[in-house]
Structures are given as C-alpha cells and as structure tokens.
file run-v2.pdb (PDB, C-alpha atoms and all ligand atoms)
MODEL        1
ATOM      1  CA  MET A  17      36.830  41.304 -68.867
ATOM      2  CA  SER A  18      35.992  39.524 -65.660
ATOM      3  CA  TRP A  19      38.281  38.185 -63.099
ATOM      4  CA  ALA A  20      37.580  35.752 -60.194
ATOM      5  CA  SER A  21      39.949  34.324 -57.636
ATOM      6  CA  PRO A  22      40.194  30.525 -57.544
ATOM      7  CA  ASP A  23      37.864  28.773 -55.033
ATOM      8  CA  PRO A  24      40.014  27.874 -51.972
ATOM      9  CA  HIS A  25      37.748  24.883 -51.130
ATOM     10  CA  PRO A  26      36.642  23.338 -54.387
ATOM     11  CA  VAL A  27      33.860  20.732 -54.100
ATOM     12  CA  PRO A  28      35.008  17.572 -55.785
ATOM     13  CA  ASP A  29      32.721  16.147 -58.379
ATOM     14  CA  LEU A  30      30.737  13.303 -56.845
ATOM     15  CA  PRO A  31      30.595  10.197 -58.884
ATOM     16  CA  ALA A  32      27.125   9.492 -60.253
ATOM     17  CA  ARG A  33      25.180   7.232 -57.821
ATOM     18  CA  THR A  34      24.393   3.814 -59.092
ATOM     19  CA  PRO A  35      20.860   2.414 -58.404
ATOM     20  CA  ALA A  36      22.370   0.021 -55.852
ATOM     21  CA  ALA A  37      24.060   2.890 -53.957
ATOM     22  CA  LYS A  38      20.816   4.881 -54.000
ATOM     23  CA  ALA A  39      18.875   1.905 -52.606
ATOM     24  CA  LEU A  40      21.452   1.418 -49.852
ATOM     25  CA  LEU A  41      21.373   5.105 -48.851
ATOM     26  CA  SER A  42      17.585   5.153 -48.737
ATOM     27  CA  ALA A  43      17.509   1.973 -46.601
ATOM     28  CA  VAL A  44      19.989   3.558 -44.159
ATOM     29  CA  ALA A  45      17.886   6.733 -43.974
ATOM     30  CA  LEU A  46      14.700   4.703 -43.376
ATOM     31  CA  ARG A  47      16.328   2.677 -40.619
ATOM     32  CA  ARG A  48      17.590   5.886 -38.979
ATOM     33  CA  ARG A  49      14.092   7.408 -39.097
ATOM     34  CA  ARG A  50      12.643   4.256 -37.528
ATOM     35  CA  TRP A  51      15.211   4.340 -34.708
ATOM     36  CA  LEU A  52      14.498   7.994 -34.022
ATOM     37  CA  TRP A  53      10.756   7.289 -34.023
ATOM     38  CA  ALA A  54      11.202   4.346 -31.613
ATOM     39  CA  LEU A  55      13.394   6.405 -29.273
ATOM     40  CA  GLY A  56      10.918   9.291 -29.372
ATOM     41  CA  SER A  57       7.995   6.952 -28.632
ATOM     42  CA  LEU A  58       9.935   5.351 -25.782
ATOM     43  CA  GLY A  59      10.716   8.767 -24.296
ATOM     44  CA  LEU A  60       7.074   9.837 -24.578
ATOM     45  CA  ALA A  61       5.829   6.585 -23.018
ATOM     46  CA  GLY A  62       8.354   6.974 -20.180
ATOM     47  CA  ALA A  63       7.285  10.559 -19.515
ATOM     48  CA  ALA A  64       3.596   9.585 -19.614
ATOM     49  CA  GLY A  65       4.257   6.627 -17.266
ATOM     50  CA  ALA A  66       6.185   8.822 -14.836
ATOM     51  CA  ALA A  67       3.425  11.453 -14.835
ATOM     52  CA  TYR A  68       0.768   8.759 -14.260
ATOM     53  CA  THR A  69       2.818   7.206 -11.418
ATOM     54  CA  ARG A  70       3.289  10.561  -9.715
ATOM     55  CA  PHE A  71       0.091  12.499 -10.417
ATOM     56  CA  CYS A  72      -2.709  10.028 -11.219
ATOM     57  CA  GLU A  73      -2.561   6.668  -9.500
ATOM     58  CA  PRO A  74      -1.654   7.777  -5.931
ATOM     59  CA  GLY A  75      -4.970   9.687  -5.798
ATOM     60  CA  TRP A  76      -7.111   7.031  -7.511
ATOM     61  CA  LEU A  77      -8.820   5.162  -4.655
ATOM     62  CA  GLU A  78     -10.360   1.764  -5.262
ATOM     63  CA  VAL A  79     -12.991   0.134  -3.018
ATOM     64  CA  THR A  80     -12.391  -3.625  -3.050
ATOM     65  CA  HIS A  81     -14.575  -6.452  -1.686
ATOM     66  CA  HIS A  82     -13.289  -9.776  -0.387
ATOM     67  CA  VAL A  83     -15.197 -12.731   1.027
ATOM     68  CA  VAL A  84     -13.385 -14.685   3.753
ATOM     69  CA  PRO A  85     -14.797 -18.199   4.064
ATOM     70  CA  LEU A  86     -14.469 -18.905   7.767
ATOM     71  CA  ARG A  87     -16.610 -21.334   9.758
ATOM     72  CA  PRO A  88     -20.138 -21.414   8.332
ATOM     73  CA  THR A  89     -22.705 -19.942  10.668
ATOM     74  CA  GLU A  90     -26.396 -19.180  10.573
ATOM     75  CA  THR A  91     -25.877 -15.598  11.656
ATOM     76  CA  LYS A  92     -25.480 -12.796   9.161
ATOM     77  CA  PRO A  93     -21.962 -12.219   7.790
ATOM     78  CA  ILE A  94     -19.763  -9.627   9.495
ATOM     79  CA  ARG A  95     -18.604  -6.770   7.307
ATOM     80  CA  ILE A  96     -15.231  -5.225   8.152
ATOM     81  CA  LEU A  97     -13.820  -2.003   6.780
ATOM     82  CA  HIS A  98     -10.043  -2.336   6.722
ATOM     83  CA  LEU A  99      -7.922   0.781   6.200
ATOM     84  CA  SER A 100      -4.181   0.926   6.576
ATOM     85  CA  ASP A 101      -1.092   2.993   5.826
ATOM     86  CA  LEU A 102      -2.892   6.321   5.701
ATOM     87  CA  HIS A 103       0.542   8.001   5.837
ATOM     88  CA  ALA A 104      -0.663  11.573   6.467
ATOM     89  CA  SER A 105       2.170  13.723   5.099
ATOM     90  CA  ALA A 106       3.058  16.218   2.393
ATOM     91  CA  CYS A 107       2.449  13.404  -0.116
ATOM     92  CA  VAL A 108      -0.902  12.316   1.371
ATOM     93  CA  PRO A 109      -3.158  15.223   2.394
ATOM     94  CA  LEU A 110      -5.840  14.828   5.056
ATOM     95  CA  GLU A 111      -8.504  15.546   2.399
ATOM     96  CA  PHE A 112      -7.485  12.363   0.610
ATOM     97  CA  ILE A 113      -7.673  10.332   3.837
ATOM     98  CA  SER A 114     -11.086  11.878   4.487
ATOM     99  CA  GLU A 115     -12.240  10.660   1.074
ATOM    100  CA  ALA A 116     -11.067   7.120   1.918
ATOM    101  CA  VAL A 117     -13.034   7.305   5.194
ATOM    102  CA  ARG A 118     -16.126   8.512   3.319
ATOM    103  CA  LEU A 119     -15.907   5.716   0.730
ATOM    104  CA  GLY A 120     -15.414   3.107   3.458
ATOM    105  CA  LEU A 121     -18.317   4.283   5.587
ATOM    106  CA  ALA A 122     -20.618   4.291   2.563
ATOM    107  CA  GLU A 123     -20.277   0.477   2.692
ATOM    108  CA  LYS A 124     -21.935   0.407   6.165
ATOM    109  CA  PRO A 125     -19.397  -1.824   7.952
ATOM    110  CA  ASP A 126     -20.093  -3.604  11.274
ATOM    111  CA  LEU A 127     -16.498  -3.209  12.430
ATOM    112  CA  ILE A 128     -13.563  -1.039  11.390
ATOM    113  CA  CYS A 129      -9.918  -2.091  11.651
ATOM    114  CA  LEU A 130      -6.936   0.205  11.063
ATOM    115  CA  THR A 131      -3.541  -1.440  10.756
ATOM    116  CA  GLY A 132      -0.937   1.221  11.308
ATOM    117  CA  ASP A 133       1.293   3.780   9.593
ATOM    118  CA  PHE A 134      -1.073   6.666  10.246
ATOM    119  CA  ILE A 135       1.782   9.084   9.530
ATOM    120  CA  THR A 136       5.082   8.992   7.631
ATOM    121  CA  LYS A 137       7.628  11.102   9.537
ATOM    122  CA  HIS A 138       7.060  14.014  11.862
ATOM    123  CA  PHE A 139       3.449  15.199  11.940
ATOM    124  CA  ALA A 140       1.904  18.172  13.711
ATOM    125  CA  ASP A 141      -1.699  18.780  12.606
ATOM    126  CA  TRP A 142      -3.213  16.362  15.115
ATOM    127  CA  ASN A 143      -6.532  18.144  15.757
ATOM    128  CA  ALA A 144      -7.362  18.158  12.049
ATOM    129  CA  TYR A 145      -6.332  14.495  11.763
ATOM    130  CA  ALA A 146      -8.566  13.494  14.697
ATOM    131  CA  ALA A 147     -11.483  15.311  13.031
ATOM    132  CA  VAL A 148     -10.892  13.339   9.816
ATOM    133  CA  LEU A 149     -10.937  10.004  11.680
ATOM    134  CA  LYS A 150     -13.843  10.804  13.995
ATOM    135  CA  PRO A 151     -16.653   9.726  11.614
ATOM    136  CA  LEU A 152     -15.308   6.155  11.777
ATOM    137  CA  ALA A 153     -16.099   5.696  15.463
ATOM    138  CA  ALA A 154     -19.495   7.322  14.987
ATOM    139  CA  ALA A 155     -20.390   4.513  12.556
ATOM    140  CA  ALA A 156     -18.962   1.319  14.123
ATOM    141  CA  PRO A 157     -16.445   0.043  16.705
ATOM    142  CA  VAL A 158     -12.912   0.956  15.567
ATOM    143  CA  PHE A 159      -9.731  -0.873  16.578
ATOM    144  CA  ALA A 160      -6.171  -0.182  15.509
ATOM    145  CA  CYS A 161      -2.641  -1.484  15.738
ATOM    146  CA  LEU A 162       0.389   0.713  15.105
ATOM    147  CA  GLY A 163       2.990   0.572  12.335
ATOM    148  CA  ASN A 164       6.704   1.243  12.064
ATOM    149  CA  HIS A 165       6.117   4.888  11.034
ATOM    150  CA  ASP A 166       3.920   5.721  14.034
ATOM    151  CA  GLY A 167       6.784   6.521  16.404
ATOM    152  CA  GLY A 168       9.215   4.463  18.466
ATOM    153  CA  LYS A 169      12.560   2.846  17.908
ATOM    154  CA  TRP A 170      12.372   2.426  14.134
ATOM    155  CA  ALA A 171      10.781   5.807  13.331
ATOM    156  CA  ALA A 172      13.079   7.754  15.659
ATOM    157  CA  ARG A 173      16.339   6.683  14.015
ATOM    158  CA  PRO A 174      18.442   9.842  13.487
ATOM    159  CA  ALA A 175      18.551   9.281   9.727
ATOM    160  CA  TYR A 176      14.772   9.074   9.568
ATOM    161  CA  GLY A 177      13.441  11.722  11.912
ATOM    162  CA  GLY A 178      10.094  10.306  13.024
ATOM    163  CA  HIS A 179       8.438  10.543  16.456
ATOM    164  CA  ALA A 180      10.371   9.094  19.366
ATOM    165  CA  ASP A 181       7.303   7.360  20.813
ATOM    166  CA  HIS A 182       3.608   6.672  20.182
ATOM    167  CA  ARG A 183       2.230   9.384  22.452
ATOM    168  CA  ALA A 184       1.128  11.814  19.725
ATOM    169  CA  ILE A 185      -0.572   9.263  17.488
ATOM    170  CA  ARG A 186      -2.196   7.519  20.447
ATOM    171  CA  SER A 187      -3.742  10.725  21.781
ATOM    172  CA  CYS A 188      -4.983  11.579  18.257
ATOM    173  CA  LEU A 189      -6.588   8.145  17.925
ATOM    174  CA  ALA A 190      -8.100   8.372  21.419
ATOM    175  CA  ALA A 191      -9.568  11.786  20.528
ATOM    176  CA  SER A 192     -11.159  10.290  17.424
ATOM    177  CA  GLY A 193     -12.659   7.311  19.271
ATOM    178  CA  VAL A 194     -10.252   4.672  17.928
ATOM    179  CA  LYS A 195      -9.173   1.971  20.384
ATOM    180  CA  VAL A 196      -5.493   1.094  20.010
ATOM    181  CA  LEU A 197      -4.491  -2.497  20.763
ATOM    182  CA  LEU A 198      -0.760  -2.486  21.449
ATOM    183  CA  ASN A 199      -0.026  -6.086  22.442
ATOM    184  CA  GLN A 200      -3.542  -6.276  23.831
ATOM    185  CA  SER A 201      -6.808  -7.982  23.062
ATOM    186  CA  GLU A 202     -10.468  -7.179  23.482
ATOM    187  CA  GLU A 203     -13.654  -9.149  22.965
ATOM    188  CA  ILE A 204     -16.795  -7.692  21.433
ATOM    189  CA  ARG A 205     -20.119  -9.147  20.272
ATOM    190  CA  LEU A 206     -21.022  -8.749  16.628
ATOM    191  CA  ARG A 207     -24.054 -10.354  14.992
ATOM    192  CA  SER A 208     -24.414 -12.798  17.908
ATOM    193  CA  ARG A 209     -20.770 -13.858  17.627
ATOM    194  CA  ARG A 210     -18.035 -13.373  20.192
ATOM    195  CA  VAL A 211     -15.286 -11.675  18.224
ATOM    196  CA  ARG A 212     -11.855 -11.372  19.768
ATOM    197  CA  LEU A 213      -9.570  -8.651  18.447
ATOM    198  CA  VAL A 214      -5.865  -9.005  19.115
ATOM    199  CA  GLY A 215      -3.484  -6.174  18.200
ATOM    200  CA  VAL A 216       0.285  -6.658  18.155
ATOM    201  CA  GLY A 217       3.089  -4.094  18.179
ATOM    202  CA  ASP A 218       5.193  -3.571  15.086
ATOM    203  CA  LEU A 219       7.784  -6.105  13.985
ATOM    204  CA  TRP A 220      10.392  -3.593  12.750
ATOM    205  CA  GLY A 221       9.943  -1.480  15.869
ATOM    206  CA  GLU A 222      10.740  -4.623  17.900
ATOM    207  CA  GLU A 223       7.431  -4.232  19.708
ATOM    208  CA  LEU A 224       5.706  -7.429  18.596
ATOM    209  CA  HIS A 225       5.094  -9.306  21.837
ATOM    210  CA  ALA A 226       2.726 -12.114  20.925
ATOM    211  CA  ALA A 227       2.347 -13.765  24.349
ATOM    212  CA  GLU A 228       1.460 -10.422  25.913
ATOM    213  CA  ALA A 229      -1.008  -9.662  23.117
ATOM    214  CA  PHE A 230      -2.867 -12.954  23.163
ATOM    215  CA  GLY A 231      -2.769 -13.423  26.946
ATOM    216  CA  ALA A 232      -4.735 -16.326  28.330
ATOM    217  CA  SER A 233      -6.618 -18.200  25.621
ATOM    218  CA  ALA A 234     -10.208 -17.089  25.265
ATOM    219  CA  ALA A 235     -13.133 -19.058  23.846
ATOM    220  CA  ALA A 236     -14.179 -16.646  21.106
ATOM    221  CA  ASP A 237     -16.119 -17.636  17.991
ATOM    222  CA  LEU A 238     -13.725 -15.687  15.846
ATOM    223  CA  THR A 239     -10.279 -14.194  16.475
ATOM    224  CA  LEU A 240      -9.069 -11.314  14.330
ATOM    225  CA  LEU A 241      -5.419 -10.317  14.474
ATOM    226  CA  LEU A 242      -4.384  -6.739  13.723
ATOM    227  CA  MET A 243      -0.727  -6.886  12.682
ATOM    228  CA  HIS A 244       0.913  -4.147  10.638
ATOM    229  CA  ASN A 245       3.578  -6.241   8.930
ATOM    230  CA  PRO A 246       2.576  -9.628   7.463
ATOM    231  CA  ASP A 247       6.143 -10.865   8.070
ATOM    232  CA  GLY A 248       5.132 -11.009  11.738
ATOM    233  CA  LYS A 249       3.086 -14.166  11.063
ATOM    234  CA  ASP A 250       5.827 -16.513  12.262
ATOM    235  CA  ALA A 251       5.963 -14.734  15.637
ATOM    236  CA  VAL A 252       2.226 -15.344  16.166
ATOM    237  CA  ALA A 253       2.030 -18.819  14.595
ATOM    238  CA  GLY A 254       1.694 -20.556  17.947
ATOM    239  CA  PHE A 255      -1.454 -18.653  18.922
ATOM    240  CA  ARG A 256      -5.056 -19.129  17.848
ATOM    241  CA  TRP A 257      -6.354 -16.661  15.277
ATOM    242  CA  ASP A 258      -8.544 -16.996  12.193
ATOM    243  CA  LEU A 259      -7.787 -13.949  10.086
ATOM    244  CA  ALA A 260      -4.877 -11.517  10.236
ATOM    245  CA  LEU A 261      -5.414  -8.014   8.858
ATOM    246  CA  CYS A 262      -2.162  -6.456   7.675
ATOM    247  CA  GLY A 263      -0.795  -3.471   5.750
ATOM    248  CA  HIS A 264       2.810  -2.222   5.545
ATOM    249  CA  THR A 265       3.521  -3.385   1.988
ATOM    250  CA  HIS A 266       1.367  -0.800   0.149
ATOM    251  CA  GLY A 267       0.794  -3.724  -2.215
ATOM    252  CA  GLY A 268       4.369  -3.197  -3.403
ATOM    253  CA  GLN A 269       3.451   0.400  -4.381
ATOM    254  CA  LEU A 270       5.106  -0.055  -7.806
ATOM    255  CA  ARG A 271       3.908  -3.296  -9.407
ATOM    256  CA  LEU A 272       6.069  -3.711 -12.483
ATOM    257  CA  PRO A 273       5.563  -5.901 -15.542
ATOM    258  CA  TRP A 274       7.764  -9.035 -15.318
ATOM    259  CA  LEU A 275       9.436  -7.822 -12.107
ATOM    260  CA  GLY A 276       6.391  -7.932  -9.805
ATOM    261  CA  THR A 277       6.837  -6.097  -6.498
ATOM    262  CA  PRO A 278      10.605  -5.668  -6.014
ATOM    263  CA  PHE A 279      10.157  -2.745  -3.597
ATOM    264  CA  ALA A 280       7.704  -4.409  -1.177
ATOM    265  CA  PRO A 281       9.410  -4.178   2.243
ATOM    266  CA  VAL A 282       8.827  -7.789   3.286
ATOM    267  CA  ARG A 283      10.774 -11.011   3.298
ATOM    268  CA  ASP A 284       7.822 -13.169   2.286
ATOM    269  CA  HIS A 285       6.384 -11.851  -0.988
ATOM    270  CA  ARG A 286       3.462 -14.308  -0.917
ATOM    271  CA  PHE A 287       1.617 -11.863   1.336
ATOM    272  CA  VAL A 288       2.280  -8.548  -0.392
ATOM    273  CA  ALA A 289      -1.412  -7.992  -1.189
ATOM    274  CA  GLY A 290      -4.864  -9.557  -1.079
ATOM    275  CA  LEU A 291      -6.427 -12.487   0.721
ATOM    276  CA  ASN A 292      -4.138 -15.478   1.091
ATOM    277  CA  ARG A 293      -4.335 -18.799   2.891
ATOM    278  CA  TRP A 294      -1.568 -19.579   5.379
ATOM    279  CA  ARG A 295      -1.626 -22.923   7.142
ATOM    280  CA  ASP A 296      -5.167 -23.272   8.568
ATOM    281  CA  ARG A 297      -5.922 -19.520   8.562
ATOM    282  CA  TRP A 298      -6.142 -16.430   6.417
ATOM    283  CA  ILE A 299      -3.960 -13.359   5.971
ATOM    284  CA  PHE A 300      -5.386 -10.270   4.291
ATOM    285  CA  THR A 301      -2.942  -7.546   3.270
ATOM    286  CA  THR A 302      -4.464  -4.315   2.018
ATOM    287  CA  ARG A 303      -2.613  -2.110  -0.458
ATOM    288  CA  GLY A 304      -3.332   0.778   1.896
ATOM    289  CA  VAL A 305      -4.560   4.312   1.362
ATOM    290  CA  GLY A 306      -1.438   6.480   1.366
ATOM    291  CA  ASN A 307       2.039   5.982   0.008
ATOM    292  CA  LEU A 308       5.673   6.936   0.391
ATOM    293  CA  HIS A 309       7.290   9.468  -1.959
ATOM    294  CA  GLY A 310       3.982  10.202  -3.736
ATOM    295  CA  LEU A 311       4.276   7.266  -6.162
ATOM    296  CA  ARG A 312       2.072   4.340  -7.183
ATOM    297  CA  PHE A 313       2.060   2.251 -10.352
ATOM    298  CA  ASN A 314      -0.315  -0.584 -11.205
ATOM    299  CA  CYS A 315      -1.177  -0.703  -7.497
ATOM    300  CA  ARG A 316      -4.037   1.672  -6.678
ATOM    301  CA  PRO A 317      -4.708   2.875  -3.123
ATOM    302  CA  GLU A 318      -7.288   0.621  -1.528
ATOM    303  CA  VAL A 319     -10.304   0.852   0.760
ATOM    304  CA  SER A 320     -10.897  -2.795   1.680
ATOM    305  CA  LEU A 321     -14.199  -4.371   2.665
ATOM    306  CA  LEU A 322     -14.142  -7.914   3.988
ATOM    307  CA  THR A 323     -17.219 -10.075   4.427
ATOM    308  CA  LEU A 324     -16.710 -12.811   6.992
ATOM    309  CA  ASN A 325     -19.030 -15.758   6.527
TER     310      ASN A 325
HETATM  311 FE    FE B   1       3.303   2.057   5.318
ENDMDL
END
call {"tool": "encode", "arguments": {"input": "run-v2.pdb", "output": "structure tokens"}}
result
Amino acid sequence: MSWASPDPHPVPDLPARTPAAKALLSAVALRRRRWLWALGSLGLAGAAGAAYTRFCEPGWLEVTHHVVPLRPTETKPIRILHLSDLHASACVPLEFISEAVRLGLAEKPDLICLTGDFITKHFADWNAYAAVLKPLAAAAPVFACLGNHDGGKWAARPAYGGHADHRAIRSCLAASGVKVLLNQSEEIRLRSRRVRLVGVGDLWGEELHAAEAFGASAAADLTLLLMHNPDGKDAVAGFRWDLALCGHTHGGQLRLPWLGTPFAPVRDHRFVAGLNRWRDRWIFTTRGVGNLHGLRFNCRPEVSLLTLN
C-alpha cells in the first residue's frame, strides 16, 4: 500500500493551445528576440564608438593640404605649415606633438605659423617642450600668437587653474626659436614677396588689441593674421589682411551626425573648420593637433599645409 500527501500547489491543467494562440505566442517571442538583438547591437555600437572616440581618433593625425587663391603672382607659391592647439597635457603627450612637428616638416614649408593653446592647464615640463618645438625654427621662420589656455585672465580663473600670465609659455617659445606676436606685427621676405605677419592677443582673454597689433599701415604684398579664435574677425575687420590663420575650435572636436559641431566654442559656426571666404578675404581654421578631455569623433587632429598662390 502506498500513501502520498496531497500536492499543496497543484498545477492547473492548461487548456490545449489553439493554432491561433500558438502563432500569437511565437510572434511575441520573435518580436522580443528582435528587440533584445537591437538593444544589444545598439549597446555594442555605443561601446565601440566610445572606445574609438577616446582611444583611436585623438591619436590619428591627418596632414591636409589647402590652396588659398590670393592675388596671382609670377613668383613661386608660398607654403605655410599651420599648427594650432597643441594642448600639451596628460591627454596630449609631447611625443604626439613631436610626431605632428615631424609630419609638418616633411612637407618642407617656407613659413610656419602656430596659433595658440600650446598647453591646457598648468604645465611644468618646459625644457622638454622647447626641445620638441625646436626643429620647427631650424627649418623655417616660425611665428605664433597665443590662445586662451596659454595663461592670463581667462586661464587663471580660480575654477580653471591655468597659468596667471604668459611668462612660462613665452620663455619656452623663445627657447625653441619661435617668435611670439602679441598684438605686434613683423615683415619678412618670402619668395620675393613682402609678407606681413600680424599676431593678435586672445579674444576670451580680453587681450585682442587690433589697433596696437596692426600699427601704422604697411605696404606689404601679403598680410597674414595670426588669431587664435576666429570669432575675433569682427574686431579686426577694419584692418587690411588677406588671410587669417585660426585655431581654438578643434574643428568642433566631436562632429556628430545631424547635429554638426554643437560643442565648438564659437558664436559663428561658419568658421569652425577649413578654408572659408569672409568678405574680401579668407579665414582658415585648423582642427588643431591636441584636444581637451582626450576625445575626438569624426574630426581628426590636423597638420595643415596651405599653399598661397
Ligand atoms: Fe584649444
């Protein structure tokens, strides 16, 4: 004789599934699998995109070439190497800046222009930095303007913690043979042309003094303006210049599908990157070499070569 206690949780008999119920359940299961697959793919794509933005593109230098059609002349074109926003920092090692210098010099430029933001916040390894920049001056005349990160009122804000003034960066640049134009101009001869270089102080640092920079008008064949922030164009509109070389924007740093360059720190987004016409002159904005926060997407770091006809 056997004896068993009654099941305390009896499973009710399920009614037999009709073909229609089976079809409905299988459609629900299929839809659920598709949703899970889509979410998984989205997560993977997001992780891959984030890894690319952080670990690949910031170190992927691109050498770009641009022809600036100025006044036609019988002399040979002038080739300018334009580097900007080197941003030496924990995110941008000196080895990377050295590679940008090497790539630029391989193009055999006649003139080299640097348009500010050599550092990001506080920087200390000045001797090593000067050694990295030194090959530039050994190859061609080098002129520079300064950016908002290079010390002064904007950089020294308590919340930011940059250098209080330009002394450190200026002595580094002097040691590497770079001539800084801080609201100053200088004339040189290049390929039989009188080329005037005008460098202005930074707009955000409230150091852009156009009248002081341009001084008395000079009869040059070509006037190049070194201006960190392209938004400064309105402050220099009343002065004669042919081509402004700018940086500051990093090309937007993150160039997003449909959204464009929402993080570019400028009012006028027409001049975030590349060669653009403005009134009767040109503005070239390089995407720059370094970056902030170690990120770049769809906006590779740039070593820019300009050929002036
Ligand atoms: Fe910058």
call {"tool": "residues_near_ligand", "arguments": {"input": "run-v2.pdb", "ligand": "ligand FE 1 (chain B)", "cutoff": "10 Å", "atoms": "only C-alpha atoms and all ligand atoms", "output": "MDAnalysis selection string"}}
result
chainID A and resid 100:103 131:136 163:166 244:245 263:267 269 281 303:308
call {"tool": "residues_around", "arguments": {"input": "run-v2.pdb", "residues": "region 143-146 of chain A", "least_positions_apart": "5", "cutoff": "8 Å", "atoms": "only C-alpha atoms", "output": "list of chain:residue names"}}
result
A:Leu110, A:Cys188, A:Leu189, A:Ala191, A:Ser192
call {"tool": "closest_residue", "arguments": {"input": "run-v2.pdb", "among": "A:Lys137, A:Arg210, A:Arg286, A:Lys124", "to": "Arg173 (chain A)", "atoms": "all atoms listed in the file"}}
result
A:Lys137
call {"tool": "atom_distance", "arguments": {"input": "run-v2.pdb", "atom1": "CA of Val216 (chain A)", "atom2": "CA of Ile94 (chain A)"}}
result
22.0 Å
call {"tool": "closest_residue", "arguments": {"input": "run-v2.pdb", "among": "A:Ala104, A:Val214, A:Met243, A:Ala226", "to": "Leu162 (chain A)", "atoms": "all atoms listed in the file"}}
result
A:Met243
call {"tool": "residues_around", "arguments": {"input": "run-v2.pdb", "residues": "region 73-76 of chain A", "least_positions_apart": "3", "cutoff": "10 Å", "atoms": "all atoms listed in the file", "output": "mmCIF file with C-alpha atoms, in the frame of the given file"}}
result
data_model
loop_
_atom_site.group_PDB
_atom_site.id
_atom_site.type_symbol
_atom_site.label_atom_id
_atom_site.label_comp_id
_atom_site.auth_asym_id
_atom_site.auth_seq_id
_atom_site.Cartn_x
_atom_site.Cartn_y
_atom_site.Cartn_z
ATOM 1 C CA ALA A 67 3.425 11.453 -14.835
ATOM 2 C CA TYR A 68 0.768 8.759 -14.260
ATOM 3 C CA THR A 69 2.818 7.206 -11.418
ATOM 4 C CA ARG A 70 3.289 10.561 -9.715
ATOM 5 C CA CYS A 107 2.449 13.404 -0.116
ATOM 6 C CA VAL A 108 -0.902 12.316 1.371
ATOM 7 C CA PHE A 112 -7.485 12.363 0.610
ATOM 8 C CA GLN A 269 3.451 0.400 -4.381
ATOM 9 C CA VAL A 305 -4.560 4.312 1.362
ATOM 10 C CA GLY A 306 -1.438 6.480 1.366
ATOM 11 C CA ASN A 307 2.039 5.982 0.008
ATOM 12 C CA LEU A 308 5.673 6.936 0.391
ATOM 13 C CA HIS A 309 7.290 9.468 -1.959
ATOM 14 C CA GLY A 310 3.982 10.202 -3.736
ATOM 15 C CA LEU A 311 4.276 7.266 -6.162
ATOM 16 C CA ARG A 312 2.072 4.340 -7.183
ATOM 17 C CA PHE A 313 2.060 2.251 -10.352
ATOM 18 C CA ASN A 314 -0.315 -0.584 -11.205
ATOM 19 C CA CYS A 315 -1.177 -0.703 -7.497
ATOM 20 C CA ARG A 316 -4.037 1.672 -6.678
ATOM 21 C CA PRO A 317 -4.708 2.875 -3.123
ATOM 22 C CA GLU A 318 -7.288 0.621 -1.528
#
call {"tool": "closest_atom_pairs", "arguments": {"input": "run-v2.pdb", "of": "region 170-269 of chain A", "to": "region 296-300 of chain A", "cutoff": "7 Å", "atoms": "only C-alpha atoms", "output": "JSON lines"}}
result
{"residue": "A:Asp258", "atom": "CA", "partner": "A:Arg297", "partner_atom": "CA", "distance": 5.1}
{"residue": "A:Leu259", "atom": "CA", "partner": "A:Trp298", "partner_atom": "CA", "distance": 4.7}
{"residue": "A:Ala260", "atom": "CA", "partner": "A:Ile299", "partner_atom": "CA", "distance": 4.7}
{"residue": "A:Leu261", "atom": "CA", "partner": "A:Phe300", "partner_atom": "CA", "distance": 5.1}
{"residue": "A:Cys262", "atom": "CA", "partner": "A:Phe300", "partner_atom": "CA", "distance": 6.0}
call {"tool": "residues_around", "arguments": {"input": "run-v2.pdb", "residues": "Pro151 (chain A)", "least_positions_apart": "4", "cutoff": "9 Å", "atoms": "only C-alpha atoms", "output": "PyMOL selection string"}}
result
chain A and resi 117-118+121+147+155+192-193
call {"tool": "residues_near_point", "arguments": {"input": "run-v2.pdb", "point": "(1.2, -21.2, 17.1)", "cutoff": "12 Å", "atoms": "only C-alpha atoms", "output": "ChimeraX atom specification"}}
result
/A:226-227,230,233,249-258,295-297
call {"tool": "residues_around", "arguments": {"input": "run-v2.pdb", "residues": "Asp181 (chain A)", "least_positions_apart": "2", "cutoff": "12 Å", "atoms": "all atoms listed in the file", "output": "PyMOL selection string"}}
result
chain A and resi 137-138+162-173+177-179+183-187+221+223
call {"tool": "atom_distance", "arguments": {"input": "run-v2.pdb", "atom1": "CA of Leu97 (chain A)", "atom2": "CA of Leu149 (chain A)"}}
result
13.3 Å
call {"tool": "atom_distance", "arguments": {"input": "run-v2.pdb", "atom1": "CA of Asp237 (chain A)", "atom2": "CA of Ile96 (chain A)"}}
result
15.9 Å
